[in-house]
Each structure stands twice: as structure tokens, then as C-alpha cells.
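Colleague: The file below is coords.json, JSON, C-alpha atoms:
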```
[["chain", "number", "residue", "atom", "x", "y", "z"],
["A", 1, "MET", "CA", 94.71, 131.53, 74.15],
["A", 2, "SER", "CA", 91.15, 130.13, 74.38],
["A", 3, "ILE", "CA", 89.52, 129.33, 77.72],
["A", 4, "SER", "CA", 88.99, 125.68, 76.71],
["A", 5, "PHE", "CA", 92.66, 125.27, 75.77],
["A", 6, "LEU", "CA", 93.77, 126.92, 79.01],
["A", 7, "PHE", "CA", 91.49, 124.62, 81.04],
["A", 8, "THR", "CA", 92.88, 121.56, 79.24],
["A", 9, "LEU", "CA", 96.43, 122.73, 79.90],
["A", 10, "ILE", "CA", 95.72, 123.24, 83.62],
["A", 11, "VAL", "CA", 94.06, 119.81, 83.99],
["A", 12, "THR", "CA", 96.88, 118.09, 82.11],
["A", 13, "SER", "CA", 99.51, 119.79, 84.27],
["A", 14, "ALA", "CA", 97.64, 118.82, 87.44],
["A", 15, "LEU", "CA", 97.46, 115.19, 86.36],
["A", 16, "CYS", "CA", 101.18, 115.18, 85.63],
["A", 17, "VAL", "CA", 101.91, 116.53, 89.10],
["A", 18, "LEU", "CA", 99.63, 113.94, 90.69],
["A", 19, "SER", "CA", 101.23, 111.06, 88.80],
["A", 20, "ALA", "CA", 104.70, 112.29, 89.66],
["A", 21, "SER", "CA", 103.99, 112.53, 93.38],
["A", 22, "ALA", "CA", 101.62, 109.63, 93.94],
["A", 23, "HIS", "CA", 101.30, 108.52, 97.56],
["A", 24, "LEU", "CA", 101.29, 104.96, 98.78],
["A", 25, "GLN", "CA", 97.87, 103.90, 100.04],
["A", 26, "ARG", "CA", 97.68, 104.20, 103.82],
["A", 27, "PHE", "CA", 95.71, 102.01, 106.23],
["A", 28, "PRO", "CA", 95.27, 103.28, 109.80],
["A", 29, "HIS", "CA", 95.47, 100.52, 112.41],
["A", 30, "SER", "CA", 95.29, 101.87, 115.94],
["A", 31, "SER", "CA", 97.60, 100.46, 118.57],
["A", 32, "LYS", "CA", 96.25, 99.36, 121.94],
["A", 33, "HIS", "CA", 95.36, 102.59, 123.75],
["A", 34, "GLY", "CA", 98.13, 104.23, 121.69],
["A", 35, "ALA", "CA", 100.67, 102.50, 123.92],
["A", 36, "SER", "CA", 101.54, 99.15, 122.32],
["A", 37, "LEU", "CA", 101.26, 97.13, 119.13],
["A", 38, "SER", "CA", 101.79, 93.41, 118.56],
["A", 39, "PHE", "CA", 101.61, 91.21, 115.48],
["A", 40, "LEU", "CA", 102.87, 87.97, 113.94],
["A", 41, "VAL", "CA", 104.96, 87.57, 110.79],
["A", 42, "VAL", "CA", 104.89, 84.50, 108.54],
["A", 43, "GLY", "CA", 106.04, 83.97, 104.97],
["A", 44, "ASP", "CA", 106.24, 81.40, 102.19],
["A", 45, "TRP", "CA", 103.34, 79.36, 103.51],
["A", 46, "GLY", "CA", 100.47, 78.45, 101.15],
["A", 47, "ARG", "CA", 100.66, 74.66, 100.66],
["A", 48, "ARG", "CA", 97.17, 73.47, 101.69],
["A", 49, "GLY", "CA", 98.50, 72.59, 105.15],
["A", 50, "SER", "CA", 101.39, 70.40, 104.04],
["A", 51, "TYR", "CA", 105.08, 70.73, 104.95],
["A", 52, "ASN", "CA", 104.04, 71.55, 108.53],
["A", 53, "GLN", "CA", 102.01, 74.60, 107.45],
["A", 54, "SER", "CA", 99.14, 73.47, 109.69],
["A", 55, "GLN", "CA", 101.47, 72.92, 112.65],
["A", 56, "VAL", "CA", 102.98, 76.39, 112.21],
["A", 57, "ALA", "CA", 99.46, 77.82, 112.04],
["A", 58, "PHE", "CA", 98.54, 76.05, 115.29],
["A", 59, "GLN", "CA", 101.51, 77.57, 117.14],
["A", 60, "MET", "CA", 100.77, 80.97, 115.63],
["A", 61, "GLY", "CA", 97.30, 80.72, 117.14],
["A", 62, "LYS", "CA", 98.73, 80.04, 120.59],
["A", 63, "VAL", "CA", 101.25, 82.87, 120.45],
["A", 64, "GLY", "CA", 98.66, 85.18, 118.92],
["A", 65, "GLU", "CA", 96.38, 84.54, 121.89],
["A", 66, "LYS", "CA", 99.21, 85.06, 124.37],
["A", 67, "TYR", "CA", 100.03, 88.49, 122.98],
["A", 68, "ASP", "CA", 96.52, 89.42, 121.81],
["A", 69, "VAL", "CA", 97.97, 90.36, 118.42],
["A", 70, "ASP", "CA", 96.53, 93.24, 116.46],
["A", 71, "PHE", "CA", 97.16, 91.71, 113.02],
["A", 72, "VAL", "CA", 99.32, 89.33, 110.98],
["A", 73, "VAL", "CA", 101.93, 90.24, 108.36],
["A", 74, "SER", "CA", 102.62, 87.92, 105.42],
["A", 75, "THR", "CA", 105.97, 88.41, 103.67],
["A", 76, "GLY", "CA", 104.76, 86.87, 100.41],
["A", 77, "ASP", "CA", 104.79, 83.63, 98.42],
["A", 78, "ASN", "CA", 101.29, 83.21, 99.76],
["A", 79, "PHE", "CA", 100.24, 80.37, 97.44],
["A", 80, "TYR", "CA", 102.43, 77.65, 95.96],
["A", 81, "ASP", "CA", 103.71, 76.72, 93.54],
["A", 82, "ASN", "CA", 102.43, 79.30, 91.11],
["A", 83, "GLY", "CA", 100.15, 81.69, 92.97],
["A", 84, "LEU", "CA", 96.41, 81.61, 92.35],
["A", 85, "ILE", "CA", 94.80, 80.66, 89.04],
["A", 86, "SER", "CA", 92.02, 83.21, 89.51],
["A", 87, "GLU", "CA", 89.90, 84.93, 92.15],
["A", 88, "HIS", "CA", 87.92, 81.71, 92.43],
["A", 89, "ASP", "CA", 90.88, 79.34, 92.94],
["A", 90, "ASN", "CA", 90.02, 77.05, 95.86],
["A", 91, "ALA", "CA", 93.66, 77.26, 96.95],
["A", 92, "PHE", "CA", 92.72, 80.50, 98.71],
["A", 93, "GLU", "CA", 90.41, 78.68, 101.10],
["A", 94, "GLU", "CA", 92.45, 75.47, 101.24],
["A", 95, "SER", "CA", 95.73, 77.26, 102.03],
["A", 96, "PHE", "CA", 94.47, 80.25, 104.02],
["A", 97, "THR", "CA", 90.91, 80.27, 105.36],
["A", 98, "LYS", "CA", 90.86, 76.61, 106.44],
["A", 99, "ILE", "CA", 94.40, 76.66, 107.86],
["A", 100, "TYR", "CA", 94.60, 79.78, 110.03],
["A", 101, "THR", "CA", 91.48, 79.03, 112.05],
["A", 102, "ALA", "CA", 92.54, 80.02, 115.58],
["A", 103, "LYS", "CA", 90.45, 82.76, 117.17],
["A", 104, "SER", "CA", 93.54, 84.92, 117.71],
["A", 105, "LEU", "CA", 94.28, 84.85, 113.97],
["A", 106, "GLN", "CA", 90.88, 86.22, 112.95],
["A", 107, "LYS", "CA", 92.45, 89.64, 112.52],
["A", 108, "ARG", "CA", 93.53, 91.61, 109.47],
["A", 109, "TRP", "CA", 96.28, 89.93, 107.41],
["A", 110, "TYR", "CA", 98.48, 92.48, 105.61],
["A", 111, "SER", "CA", 100.22, 90.72, 102.72],
["A", 112, "VAL", "CA", 102.64, 91.44, 99.92],
["A", 113, "LEU", "CA", 103.22, 89.43, 96.76],
["A", 114, "GLY", "CA", 106.21, 87.12, 96.35],
["A", 115, "ASN", "CA", 107.83, 85.85, 93.17],
["A", 116, "HIS", "CA", 105.74, 82.64, 93.25],
["A", 117, "ASP", "CA", 102.58, 84.75, 93.49],
["A", 118, "TYR", "CA", 103.59, 86.58, 90.31],
["A", 119, "ARG", "CA", 103.76, 83.23, 88.50],
["A", 120, "GLY", "CA", 100.00, 82.95, 88.72],
["A", 121, "ASP", "CA", 97.21, 85.50, 88.48],
["A", 122, "ALA", "CA", 98.88, 88.16, 90.63],
["A", 123, "GLU", "CA", 95.95, 90.53, 90.40],
["A", 124, "ALA", "CA", 93.62, 87.87, 91.83],
["A", 125, "GLN", "CA", 95.32, 88.25, 95.21],
["A", 126, "LEU", "CA", 94.73, 92.01, 95.07],
["A", 127, "SER", "CA", 91.04, 91.58, 94.25],
["A", 128, "PRO", "CA", 88.20, 92.71, 96.56],
["A", 129, "VAL", "CA", 86.56, 89.37, 95.71],
["A", 130, "LEU", "CA", 88.97, 87.60, 98.06],
["A", 131, "ARG", "CA", 88.21, 90.10, 100.81],
["A", 132, "LYS", "CA", 84.53, 89.26, 100.48],
["A", 133, "MET", "CA", 85.39, 85.56, 100.80],
["A", 134, "ASP", "CA", 87.56, 86.18, 103.88],
["A", 135, "SER", "CA", 87.45, 89.66, 105.39],
["A", 136, "ARG", "CA", 90.88, 89.21, 107.02],
["A", 137, "TRP", "CA", 92.68, 89.30, 103.68],
["A", 138, "LEU", "CA", 94.32, 92.48, 102.41],
["A", 139, "CYS", "CA", 97.04, 92.15, 99.78],
["A", 140, "LEU", "CA", 98.39, 95.03, 97.70],
["A", 141, "ARG", "CA", 101.60, 95.67, 95.82],
["A", 142, "SER", "CA", 102.91, 98.47, 98.05],
["A", 143, "PHE", "CA", 101.17, 100.31, 100.90],
["A", 144, "ILE", "CA", 101.51, 101.63, 104.45],
["A", 145, "VAL", "CA", 100.04, 100.45, 107.74],
["A", 146, "ASP", "CA", 100.01, 103.31, 110.21],
["A", 147, "SER", "CA", 99.45, 102.77, 113.93],
["A", 148, "GLU", "CA", 101.01, 106.15, 114.83],
["A", 149, "LEU", "CA", 103.38, 104.35, 117.20],
["A", 150, "VAL", "CA", 104.71, 102.22, 114.31],
["A", 151, "GLU", "CA", 104.59, 102.74, 110.56],
["A", 152, "ILE", "CA", 105.04, 99.68, 108.35],
["A", 153, "PHE", "CA", 105.94, 100.29, 104.71],
["A", 154, "PHE", "CA", 105.13, 97.31, 102.47],
["A", 155, "VAL", "CA", 107.21, 97.22, 99.27],
["A", 156, "ASP", "CA", 106.63, 95.17, 96.11],
["A", 157, "THR", "CA", 110.15, 93.75, 95.66],
["A", 158, "THR", "CA", 109.60, 91.15, 92.92],
["A", 159, "PRO", "CA", 109.73, 93.70, 90.04],
["A", 160, "PHE", "CA", 113.16, 94.83, 91.30],
["A", 161, "VAL", "CA", 114.74, 91.47, 90.38],
["A", 162, "GLN", "CA", 116.13, 91.61, 86.87],
["A", 163, "GLU", "CA", 116.34, 87.88, 86.21],
["A", 164, "TYR", "CA", 112.56, 87.49, 86.43],
["A", 165, "PHE", "CA", 112.35, 89.67, 83.32],
["A", 166, "THR", "CA", 115.44, 88.54, 81.41],
["A", 167, "GLU", "CA", 115.84, 84.89, 82.47],
["A", 168, "PRO", "CA", 112.42, 83.60, 83.55],
["A", 169, "LYS", "CA", 113.31, 80.03, 82.51],
["A", 170, "GLU", "CA", 110.11, 77.95, 82.33],
["A", 171, "HIS", "CA", 108.17, 80.42, 84.47],
["A", 172, "LYS", "CA", 105.66, 82.98, 83.25],
["A", 173, "TYR", "CA", 105.24, 86.10, 85.36],
["A", 174, "ASP", "CA", 102.08, 88.18, 85.49],
["A", 175, "TRP", "CA", 103.36, 91.71, 84.96],
["A", 176, "ARG", "CA", 99.93, 93.26, 84.40],
["A", 177, "GLY", "CA", 99.73, 96.48, 86.37],
["A", 178, "ILE", "CA", 103.51, 96.85, 86.38],
["A", 179, "GLY", "CA", 104.30, 98.13, 82.88],
["A", 180, "PRO", "CA", 107.94, 98.70, 81.98],
["A", 181, "GLN", "CA", 110.17, 97.56, 84.84],
["A", 182, "LYS", "CA", 112.46, 100.57, 85.24],
["A", 183, "PRO", "CA", 109.78, 103.31, 85.53],
["A", 184, "TYR", "CA", 107.75, 101.14, 87.91],
["A", 185, "VAL", "CA", 110.70, 100.57, 90.25],
["A", 186, "ASN", "CA", 111.87, 104.18, 90.07],
["A", 187, "ASN", "CA", 108.39, 105.54, 90.84],
["A", 188, "LEU", "CA", 107.98, 103.11, 93.72],
["A", 189, "LEU", "CA", 111.32, 104.19, 95.20],
["A", 190, "LYS", "CA", 110.30, 107.86, 94.90],
["A", 191, "ASP", "CA", 106.96, 107.20, 96.61],
["A", 192, "LEU", "CA", 108.66, 105.23, 99.37],
["A", 193, "GLU", "CA", 111.34, 107.84, 99.92],
["A", 194, "LEU", "CA", 108.70, 110.56, 100.16],
["A", 195, "ALA", "CA", 106.63, 108.57, 102.66],
["A", 196, "LEU", "CA", 109.64, 107.67, 104.79],
["A", 197, "GLY", "CA", 110.78, 111.28, 104.86],
["A", 198, "GLU", "CA", 107.36, 112.45, 106.05],
["A", 199, "SER", "CA", 107.01, 109.77, 108.73],
["A", 200, "THR", "CA", 106.97, 110.89, 112.36],
["A", 201, "ALA", "CA", 106.43, 107.40, 113.79],
["A", 202, "LYS", "CA", 108.53, 106.30, 116.74],
["A", 203, "TRP", "CA", 109.38, 103.06, 114.94],
["A", 204, "LYS", "CA", 109.69, 102.49, 111.19],
["A", 205, "ILE", "CA", 109.61, 99.08, 109.50],
["A", 206, "VAL", "CA", 109.88, 98.14, 105.83],
["A", 207, "VAL", "CA", 108.47, 94.80, 104.68],
["A", 208, "GLY", "CA", 109.29, 93.14, 101.36],
["A", 209, "HIS", "CA", 109.32, 89.59, 100.06],
["A", 210, "HIS", "CA", 112.98, 89.48, 99.05],
["A", 211, "ALA", "CA", 115.88, 89.73, 101.47],
["A", 212, "ILE", "CA", 118.35, 92.58, 101.41],
["A", 213, "ARG", "CA", 120.77, 90.48, 103.47],
["A", 214, "SER", "CA", 120.50, 86.71, 103.79],
["A", 215, "VAL", "CA", 122.77, 83.72, 104.31],
["A", 216, "GLY", "CA", 120.01, 81.41, 103.10],
["A", 217, "HIS", "CA", 119.51, 79.75, 99.72],
["A", 218, "HIS", "CA", 118.96, 82.92, 97.68],
["A", 219, "GLY", "CA", 121.46, 85.09, 99.52],
["A", 220, "ASP", "CA", 121.49, 88.87, 99.23],
["A", 221, "THR", "CA", 119.21, 90.46, 96.63],
["A", 222, "GLN", "CA", 121.68, 92.68, 94.83],
["A", 223, "GLU", "CA", 119.06, 94.95, 93.28],
["A", 224, "LEU", "CA", 117.73, 95.77, 96.76],
["A", 225, "VAL", "CA", 121.23, 96.26, 98.16],
["A", 226, "GLU", "CA", 121.91, 98.81, 95.43],
["A", 227, "LYS", "CA", 118.54, 100.58, 95.13],
["A", 228, "LEU", "CA", 116.52, 100.10, 98.32],
["A", 229, "LEU", "CA", 119.05, 99.82, 101.14],
["A", 230, "PRO", "CA", 120.55, 103.33, 100.72],
["A", 231, "ILE", "CA", 117.06, 104.85, 101.07],
["A", 232, "LEU", "CA", 116.41, 102.85, 104.24],
["A", 233, "GLN", "CA", 119.74, 103.87, 105.73],
["A", 234, "VAL", "CA", 119.26, 107.58, 105.02],
["A", 235, "ASN", "CA", 115.74, 107.54, 106.49],
["A", 236, "ASN", "CA", 116.69, 105.77, 109.73],
["A", 237, "ILE", "CA", 114.62, 102.64, 109.26],
["A", 238, "ASP", "CA", 114.72, 100.40, 112.30],
["A", 239, "PHE", "CA", 113.88, 97.00, 110.78],
["A", 240, "TYR", "CA", 113.59, 95.36, 107.38],
["A", 241, "ILE", "CA", 111.42, 92.21, 107.38],
["A", 242, "ASN", "CA", 111.28, 89.71, 104.52],
["A", 243, "GLY", "CA", 110.57, 86.14, 103.46],
["A", 244, "HIS", "CA", 111.80, 84.41, 100.25],
["A", 245, "ASP", "CA", 114.43, 82.26, 101.94],
["A", 246, "HIS", "CA", 112.63, 79.43, 103.73],
["A", 247, "CYS", "CA", 114.23, 79.99, 107.09],
["A", 248, "LEU", "CA", 114.33, 82.28, 110.10],
["A", 249, "GLN", "CA", 117.24, 84.66, 110.48],
["A", 250, "HIS", "CA", 118.48, 87.88, 112.08],
["A", 251, "ILE", "CA", 121.32, 89.89, 110.56],
["A", 252, "SER", "CA", 122.59, 93.30, 111.67],
["A", 253, "ASP", "CA", 123.55, 95.87, 109.06],
["A", 254, "THR", "CA", 127.25, 96.70, 109.43],
["A", 255, "GLU", "CA", 126.80, 100.29, 108.20],
["A", 256, "SER", "CA", 123.65, 101.39, 110.05],
["A", 257, "PRO", "CA", 121.38, 100.37, 112.96],
["A", 258, "ILE", "CA", 119.02, 98.48, 110.61],
["A", 259, "GLN", "CA", 118.19, 94.91, 111.62],
["A", 260, "PHE", "CA", 117.35, 92.43, 108.83],
["A", 261, "LEU", "CA", 114.76, 89.85, 109.91],
["A", 262, "THR", "CA", 113.69, 86.89, 107.76],
["A", 263, "SER", "CA", 110.43, 85.05, 108.43],
["A", 264, "GLY", "CA", 109.96, 82.80, 105.42],
["A", 265, "ALA", "CA", 109.46, 79.45, 107.14],
["A", 266, "GLY", "CA", 105.69, 79.12, 107.06],
["A", 267, "SER", "CA", 105.75, 75.68, 105.43],
["A", 268, "LYS", "CA", 108.48, 74.01, 103.35],
["A", 269, "ALA", "CA", 111.98, 74.66, 104.72],
["A", 270, "TRP", "CA", 115.43, 73.95, 103.30],
["A", 271, "ARG", "CA", 117.55, 72.03, 105.80],
["A", 272, "GLY", "CA", 121.27, 72.77, 105.73],
["A", 273, "ASP", "CA", 120.99, 75.37, 102.98],
["A", 274, "ILE", "CA", 123.22, 78.17, 104.26],
["A", 275, "LYS", "CA", 125.78, 80.28, 102.43],
["A", 276, "GLN", "CA", 129.09, 80.40, 104.29],
["A", 277, "THR", "CA", 130.61, 83.18, 102.18],
["A", 278, "ASN", "CA", 128.98, 86.25, 103.72],
["A", 279, "LEU", "CA", 128.29, 85.77, 107.43],
["A", 280, "ARG", "CA", 129.02, 89.34, 108.55],
["A", 281, "GLY", "CA", 126.43, 90.65, 110.97],
["A", 282, "LEU", "CA", 124.77, 87.24, 111.37],
["A", 283, "ASN", "CA", 123.12, 86.84, 114.78],
["A", 284, "PHE", "CA", 120.79, 83.92, 114.20],
["A", 285, "PHE", "CA", 119.86, 81.38, 111.52],
["A", 286, "TYR", "CA", 117.39, 78.49, 111.66],
["A", 287, "ASP", "CA", 116.68, 76.18, 108.72],
["A", 288, "GLY", "CA", 113.34, 74.75, 109.88],
["A", 289, "GLN", "CA", 109.70, 75.87, 109.87],
["A", 290, "GLY", "CA", 108.47, 78.66, 112.10],
["A", 291, "PHE", "CA", 107.33, 82.26, 112.41],
["A", 292, "MET", "CA", 108.00, 85.49, 114.29],
["A", 293, "SER", "CA", 106.17, 87.61, 116.87],
["A", 294, "VAL", "CA", 106.64, 91.36, 117.23],
["A", 295, "LYS", "CA", 105.71, 93.71, 120.05],
["A", 296, "PHE", "CA", 106.23, 97.48, 120.21],
["A", 297, "THR", "CA", 105.80, 100.02, 122.98],
["A", 298, "GLN", "CA", 106.87, 103.67, 123.02],
["A", 299, "THR", "CA", 110.33, 102.65, 124.21],
["A", 300, "ASP", "CA", 110.83, 98.98, 123.36],
["A", 301, "ALA", "CA", 110.65, 96.57, 120.44],
["A", 302, "THR", "CA", 110.76, 92.82, 120.95],
["A", 303, "PHE", "CA", 111.02, 90.13, 118.25],
["A", 304, "GLU", "CA", 110.79, 86.41, 118.99],
["A", 305, "PHE", "CA", 111.40, 83.58, 116.53],
["A", 306, "TYR", "CA", 109.47, 80.33, 117.09],
["A", 307, "ASP", "CA", 109.85, 76.82, 115.69],
["A", 308, "VAL", "CA", 107.03, 74.46, 114.73],
["A", 309, "PHE", "CA", 106.73, 73.29, 118.35],
["A", 310, "GLY", "CA", 106.33, 76.82, 119.72],
["A", 311, "ASN", "CA", 109.82, 77.01, 121.21],
["A", 312, "VAL", "CA", 111.45, 80.45, 121.26],
["A", 313, "LEU", "CA", 114.68, 80.09, 119.28],
["A", 314, "HIS", "CA", 115.94, 83.67, 119.27],
["A", 315, "ARG", "CA", 114.95, 86.97, 120.77],
["A", 316, "LEU", "CA", 115.84, 90.51, 119.68],
["A", 317, "ALA", "CA", 115.17, 93.45, 121.99],
["A", 318, "SER", "CA", 115.68, 97.08, 120.99],
["A", 319, "SER", "CA", 115.03, 100.27, 122.96],
["A", 320, "LYS", "CA", 114.55, 103.98, 122.32],
["A", 321, "GLN", "CA", 114.24, 106.96, 124.61],
["A", 322, "LEU", "CA", 110.68, 108.02, 125.30],
["A", 323, "HIS", "CA", 111.51, 111.59, 124.31],
["A", 324, "SER", "CA", 114.34, 112.42, 121.95],
["A", 325, "SER", "CA", 116.88, 114.88, 123.28],
["A", 326, "THR", "CA", 117.00, 118.23, 121.55]]
```
Could you render the structure as C-alpha cells?
Modeller:
Amino acid sequence: MSISFLFTLIVTSALCVLSASAHLQRFPHSSKHGASLSFLVVGDWGRRGSYNQSQVAFQMGKVGEKYDVDFVVSTGDNFYDNGLISEHDNAFEESFTKIYTAKSLQKRWYSVLGNHDYRGDAEAQLSPVLRKMDSRWLCLRSFIVDSELVEIFFVDTTPFVQEYFTEPKEHKYDWRGIGPQKPYVNNLLKDLELALGESTAKWKIVVGHHAIRSVGHHGDTQELVEKLLPILQVNNIDFYINGHDHCLQHISDTESPIQFLTSGAGSKAWRGDIKQTNLRGLNFFYDGQGFMSVKFTQTDATFEFYDVFGNVLHRLASSKQLHSST
């Protein structure tokens, strides 16, 4: 066996190993003195200020100042109706930069893509060009935000949904960077499972655009119930946060401690659109515009849901021991 052939074989094998065990990109974001972390969550928002988007943004600014938030999470469908046309689409400034102007919101925005974002130039939202236009913006398909106290795993859920591939209707989806659906989803699940298994964070959150459980317009996302939920249950995830349904809701998993939290009411909401067929675990549902605040300490997690007037509609509090018993 020649040296050149052996070298090629070694390099090829190494590349195969790397591709098979790829890690999700990780972004450190230190918590306040290592003791607490607070952030806001909004989804389904980008409408150039209309449908009360500007009013929601105003209240977000007030709550963000109150809690001195560390960052903002967007659960996707960032730009309506069909994402961005390109990196230079003025919808980015008209729906984001010029709307979320409060001082307290001049922090990093961690965003995932929603199904409406995939109907435009999906890769434009991932582009460094947007980050140069507004340094707050960070949108990737799947990644991790690590504050040591809390780890947040962002998951690209749109490629999970079969109908977007087989029954797109009049819509065209930008699948560049995805490739064949099944390998993409399987590899993402492997990467996520590996990262969750290695996590030593006190609190673990998964964020995706689509709901696992919802009583809103779209209901449960069956592909996530079948493929994603079992991984979250096995790895003791505390919270799953999503958008997609234009409402605010809190549902408890009936088979694990996981709490399902929907914050998809950043602009247009769907009044009266609730499914009455699967209400198990439902704690709260609101069919108007609003957003959510989140605060973590070593022992406590607090979630508050707000309407467009800044009223607290629902509050979830969860606690853990400071030191786990052995």
C-alpha cells in the first residue's frame, strides 16, 4: 500500500467521522454574575408594524427594561408573508430594525426560521450581511445558546413537516442547504441527541418554530410528536418553546415534566381559533397578540405571558433543588 493512498484513506475516514458526528454551533452567552438569566420570546411578527406588531414591540421594550433582559428569542416566521426576497430586502429594516427600537431590545436576537421564512430566500436570513446591517440579528437553522446556567437548543423544525415537500400547494420553499429531507432530519436529530446528552446545564430548553402540542389553528405537529418528543423526554428537557400558532399557550406534557410554551403572537392573531378535540394538559390559551418573558436562577424558572397592553395573562413558576441529591 503506497503512502499517498494510505494518507488519502486516513483523510477520507476522518472526514466521514466528522460528518457523522457534527456538532451544533454553540454561542456562549454569560448569565448575570452566573446567577440569573432573563430574556423575551416573540414569534410570527414581521409585518412592518401592522397587526399590532408595533404595540407588542413597545410593551416588549417596557418589560425588557424591567427585567434587564440578556437577549431576545424569536420562534420564527420572522418576515411575512413569504420571508425575505434577498439580503437587501427592505423588509428587514421595516419589520425589524425600525420596529424594535427600545433601548432594552438592543441586545442579541437569537432566531430560527419558520415555514413562511422558507417561502422566500431562507439563506438571506442566515447571511452575515444582515448582521452587518443590524448587529443584534443572529439567525441559523439549528444551534445552541449556552449560558452555563441554561442551555437553549434551537431546532430547525420546518424540514420535519412532510406536507411542505409533498403538498406545497401554491407555495415554493427554499430547500437550499437542506438536501434530501430524510437524511437532513435524521442527522439533525442525532446532533441534537448528542448535545442534549452531553449537557450539564441546570435548565434545558428546546426552541423550534412548530408546536409539539397545541390547541391552536395548526394543532399538534405529528412529525415532531413522533420524532422529536421522545428525544426530549429521554433527555429530561424542561421546556419546549415554539411559535407557528398565532397565540399564547401553556400545555403540560402528560407523560413527562416537559412544559410546552407557545409564543407566536407577535403581530397577526387568530381570534377564536381553538381546537376543542385535544385539550389534555392545557393550562392557558390566549388568542390575541402578545409575547413572553423568561427568568432563570439556579433554583427557579419564571415565565410570564403578556398581552398587547402589557397585562400579565398567565404565569408559570418552576423550581429545582440547588444541589441534586446523590
Colleague: Which is closer to A:Val215 than all the others in A:Gly272, A:Gly266, A:Pro168, A:Pro180, using only C-alpha atoms?
Modeller: A:Gly272
Colleague: Could you list, as a ChimeraX atom specification, every residue within 8 Å of stretch 26-32 of chain A, counting all atoms listed in the file and ignoring same-chain residues fewer than 4 positions away?
Modeller: /A:36-37,70,143-149
Colleague: Kindly indicate which residue among A:Leu224, A:Leu232, A:Leu130, A:Ile258 lies nearest to A:Leu194, using only C-alpha atoms for the distances.
Modeller: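 Of A:Leu224, A:Leu232, A:Leu130, A:Ile258, the one nearest A:Leu194 is A:Leu232, counting only C-alpha atoms.
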Colleague: For a quick check of understanding, using all atoms listed in the file, which of A:Gly208, A:Gly64, A:Gly197, A:Gly179 has the smallest distance to A:Phe153?
Modeller: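 So, comparing all the options, the nearest one is A:Gly208.
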Colleague: What gap, in Å, lies between atom CA of A:Ile205 and atom CA of A:Tyr240?
Modeller: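 Taking atom CA of A:Ile205 as the start and atom CA of A:Tyr240 as the end point, the length is 5.8 Å.
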Colleague: With distances taken over all atoms listed in the file, which residue among A:Lys103, A:His23, A:Lys98, A:His217 lies nearest A:Lys190?
Modeller: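 Ranking A:Lys103, A:His23, A:Lys98, A:His217 by distance to A:Lys190, first place goes to A:His23.
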Colleague: Counting all atoms listed in the file, what is within 9 Å of A:Gly216, bar same-chain residues fewer than 5 positions away, as number ranges by chain?
Modeller: A: 245-247, 249, 270, 273-275, 285, 287
Colleague: Looking at only C-alpha atoms, which of A:Ala265, A:Val207, A:Leu316, A:Ile231 is the one that sits closest to A:Ile251?
Modeller: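 Answer, going by the shortest atom-to-atom distance: A:Leu316.
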Colleague: Nearest to A:Ile152 among A:Val72, A:Ala57, A:Val206, A:Ile237, with distances taken over all atoms listed in the file: which residue is it?
Modeller: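 Smallest distance to A:Ile152 is found for A:Val206.
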Colleague: For atom CA of A:Glu163 and atom CA of A:Glu193, determine how far apart the two atoms are, in Å to one decimal place.
Modeller: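 Computed distance, atom CA of A:Glu163 to atom CA of A:Glu193, equals 24.7 Å.
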